[in-house]
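Some notes on the structure that comes next.
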Amino acid sequence: MRAIKPVRVAIADAPPAPAARPAPVIVKPDWVVKPVGADIADVYPPEAVKAGLGGAATIGCAVSLEGRLVDCKVLDEAPAQAGFGEAALKLSERFQMKPMTRDGHPVSGGKIRIPFRFALPHPPQPVAPS
């Protein structure tokens, strides 16, 4: 019989996986659908209406294959805790853009930031008698 000699095998570390490219940031979306005044009125925080308060919020979202906003998060809200961030999240459901394409086919994965400014309409000023 033959004697089996032990063999040493060195295993090199696998090369690092290529870094995933960050999703492209969309700066000039081509909106197919976006909220209108009635949509904003529907989501305006009720307590802010009672207080006559305006505000602002910025949301960050991913864009789906169909051009819908998904995985949205509030990035900024002023005044804090006044409900404008939540209102902006509700409005995100009412946006749709033309999807990004690669080689003529729609693709998902873009990111977008959308700032909102909420303001109540000014009541009409009385007309002074002439």
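For the structure tokens, the naming scheme is as follows: chains receive sequential letters (A, B, ...) according to their order of presentation, residues are indexed from 1 within each chain, and ligands are indexed from 1 in presentation order.
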
If we count only C-alpha atoms and set the cut-off at 12 Å, which residues sit around Pro121 (chain A), ignoring sequence neighbours fewer than 6 positions away in its own chain? Please answer as a ChimeraX atom specification.
/A:37,40-41,44,49,52-54

Prev. selection, N, CA and C atoms, output as a compact mmCIF listing (two decimals), in the first residue's frame:
```txt
# COMPACT_ATOMS: atom_id res chain seq x y z
N GLY A 37 -54.22 70.80 -5.08
CA GLY A 37 -54.63 71.52 -3.87
C GLY A 37 -55.59 70.74 -2.98
N ILE A 40 -53.75 68.24 -0.86
CA ILE A 40 -53.05 68.89 0.25
C ILE A 40 -54.04 69.24 1.36
N ALA A 41 -55.20 69.75 0.97
CA ALA A 41 -56.23 70.07 1.97
C ALA A 41 -56.66 68.81 2.73
N TYR A 44 -53.77 68.07 5.33
CA TYR A 44 -53.27 69.17 6.19
C TYR A 44 -53.58 68.83 7.65
N VAL A 49 -54.48 73.49 11.23
CA VAL A 49 -55.55 74.32 10.66
C VAL A 49 -56.18 75.16 11.77
N GLY A 52 -54.04 77.93 12.75
CA GLY A 52 -53.64 78.83 11.67
C GLY A 52 -52.16 78.70 11.34
N LEU A 53 -51.62 77.50 11.52
CA LEU A 53 -50.19 77.25 11.42
C LEU A 53 -49.81 76.69 10.06
N GLY A 54 -48.73 77.20 9.49
CA GLY A 54 -48.12 76.64 8.29
C GLY A 54 -46.90 75.86 8.70
```

Under the rule that only C-alpha atoms are counted, which of A:Ile112, A:Ala56, A:Arg102, A:Glu86 is the nearest residue to Leu69 (chain A)?
A:Ile112

Contacts of Gly55 (chain A) at 7 Å (only C-alpha atoms; same-chain gap of 2+ positions) as a VMD selection string:
chain A and resid 53 78 to 79 84 117 to 119

I want to know what sits within 12 Å of Ile114 (chain A), based on only C-alpha atoms, with residues of the same chain fewer than 4 positions away left out; could you give that as JSON, numbers by chain?
{"A": [25, 26, 27, 28, 29, 34, 56, 57, 58, 59, 60, 61, 62, 69, 72, 73, 74, 75, 76, 77, 85, 88, 89, 91, 92, 95]}

Among the residues of region 12-105 of chain A, find those DSSP assigns to helix (DSSP H, G or I) from the backbone and print them as an MDAnalysis selection string.
chainID A and resid 37:43 46:51 84:92

With N, CA and C atoms retained, could you export that selection as an mmCIF file, in the first residue's frame?
```cif
data_model
loop_
_atom_site.group_PDB
_atom_site.id
_atom_site.type_symbol
_atom_site.label_atom_id
_atom_site.label_comp_id
_atom_site.auth_asym_id
_atom_site.auth_seq_id
_atom_site.Cartn_x
_atom_site.Cartn_y
_atom_site.Cartn_z
ATOM 1 N N GLY A 37 -54.220 70.797 -5.076
ATOM 2 C CA GLY A 37 -54.634 71.518 -3.872
ATOM 3 C C GLY A 37 -55.590 70.737 -2.983
ATOM 4 N N ALA A 38 -56.555 70.035 -3.584
ATOM 5 C CA ALA A 38 -57.516 69.269 -2.787
ATOM 6 C C ALA A 38 -56.818 68.142 -2.024
ATOM 7 N N ASP A 39 -55.777 67.552 -2.620
ATOM 8 C CA ASP A 39 -55.027 66.500 -1.934
ATOM 9 C C ASP A 39 -54.322 67.071 -0.704
ATOM 10 N N ILE A 40 -53.755 68.245 -0.860
ATOM 11 C CA ILE A 40 -53.052 68.890 0.255
ATOM 12 C C ILE A 40 -54.042 69.235 1.357
ATOM 13 N N ALA A 41 -55.204 69.747 0.973
ATOM 14 C CA ALA A 41 -56.234 70.067 1.966
ATOM 15 C C ALA A 41 -56.664 68.811 2.728
ATOM 16 N N ASP A 42 -56.719 67.664 2.051
ATOM 17 C CA ASP A 42 -57.123 66.404 2.690
ATOM 18 C C ASP A 42 -56.156 65.959 3.785
ATOM 19 N N VAL A 43 -54.875 66.254 3.617
ATOM 20 C CA VAL A 43 -53.871 65.751 4.564
ATOM 21 C C VAL A 43 -53.338 66.821 5.516
ATOM 22 N N PRO A 46 -55.016 68.683 11.073
ATOM 23 C CA PRO A 46 -56.175 69.399 11.626
ATOM 24 C C PRO A 46 -55.803 70.385 12.736
ATOM 25 N N GLU A 47 -54.879 70.014 13.613
ATOM 26 C CA GLU A 47 -54.489 70.927 14.696
ATOM 27 C C GLU A 47 -53.790 72.165 14.144
ATOM 28 N N ALA A 48 -53.049 71.987 13.044
ATOM 29 C CA ALA A 48 -52.388 73.136 12.422
ATOM 30 C C ALA A 48 -53.412 74.071 11.789
ATOM 31 N N VAL A 49 -54.475 73.493 11.230
ATOM 32 C CA VAL A 49 -55.550 74.324 10.656
ATOM 33 C C VAL A 49 -56.177 75.156 11.768
ATOM 34 N N LYS A 50 -56.515 74.505 12.890
ATOM 35 C CA LYS A 50 -57.140 75.218 14.014
ATOM 36 C C LYS A 50 -56.251 76.337 14.532
ATOM 37 N N ALA A 51 -54.940 76.100 14.540
ATOM 38 C CA ALA A 51 -53.994 77.096 15.063
ATOM 39 C C ALA A 51 -53.581 78.111 14.002
ATOM 40 N N PHE A 84 -46.761 67.870 9.933
ATOM 41 C CA PHE A 84 -46.463 68.134 8.524
ATOM 42 C C PHE A 84 -45.654 67.003 7.880
ATOM 43 N N GLY A 85 -44.813 66.330 8.666
ATOM 44 C CA GLY A 85 -44.078 65.178 8.138
ATOM 45 C C GLY A 85 -45.022 64.057 7.750
ATOM 46 N N GLU A 86 -45.971 63.771 8.621
ATOM 47 C CA GLU A 86 -46.963 62.729 8.341
ATOM 48 C C GLU A 86 -47.819 63.117 7.131
ATOM 49 N N ALA A 87 -48.168 64.390 7.021
ATOM 50 C CA ALA A 87 -48.951 64.854 5.863
ATOM 51 C C ALA A 87 -48.157 64.658 4.570
ATOM 52 N N ALA A 88 -46.863 64.944 4.606
ATOM 53 C CA ALA A 88 -46.020 64.763 3.422
ATOM 54 C C ALA A 88 -45.940 63.286 3.035
ATOM 55 N N LEU A 89 -45.852 62.408 4.036
ATOM 56 C CA LEU A 89 -45.830 60.968 3.747
ATOM 57 C C LEU A 89 -47.125 60.526 3.068
ATOM 58 N N LYS A 90 -48.247 61.059 3.526
ATOM 59 C CA LYS A 90 -49.528 60.721 2.896
ATOM 60 C C LYS A 90 -49.575 61.208 1.447
ATOM 61 N N LEU A 91 -48.995 62.380 1.197
ATOM 62 C CA LEU A 91 -48.983 62.911 -0.167
ATOM 63 C C LEU A 91 -48.089 62.086 -1.086
ATOM 64 N N SER A 92 -47.090 61.418 -0.530
ATOM 65 C CA SER A 92 -46.170 60.631 -1.366
ATOM 66 C C SER A 92 -46.912 59.567 -2.171
#
```

Between CA of Glu93 (chain A) and CA of Leu120 (chain A), measure the distance and give it in Å to one decimal.
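The value is 21.6 Å.
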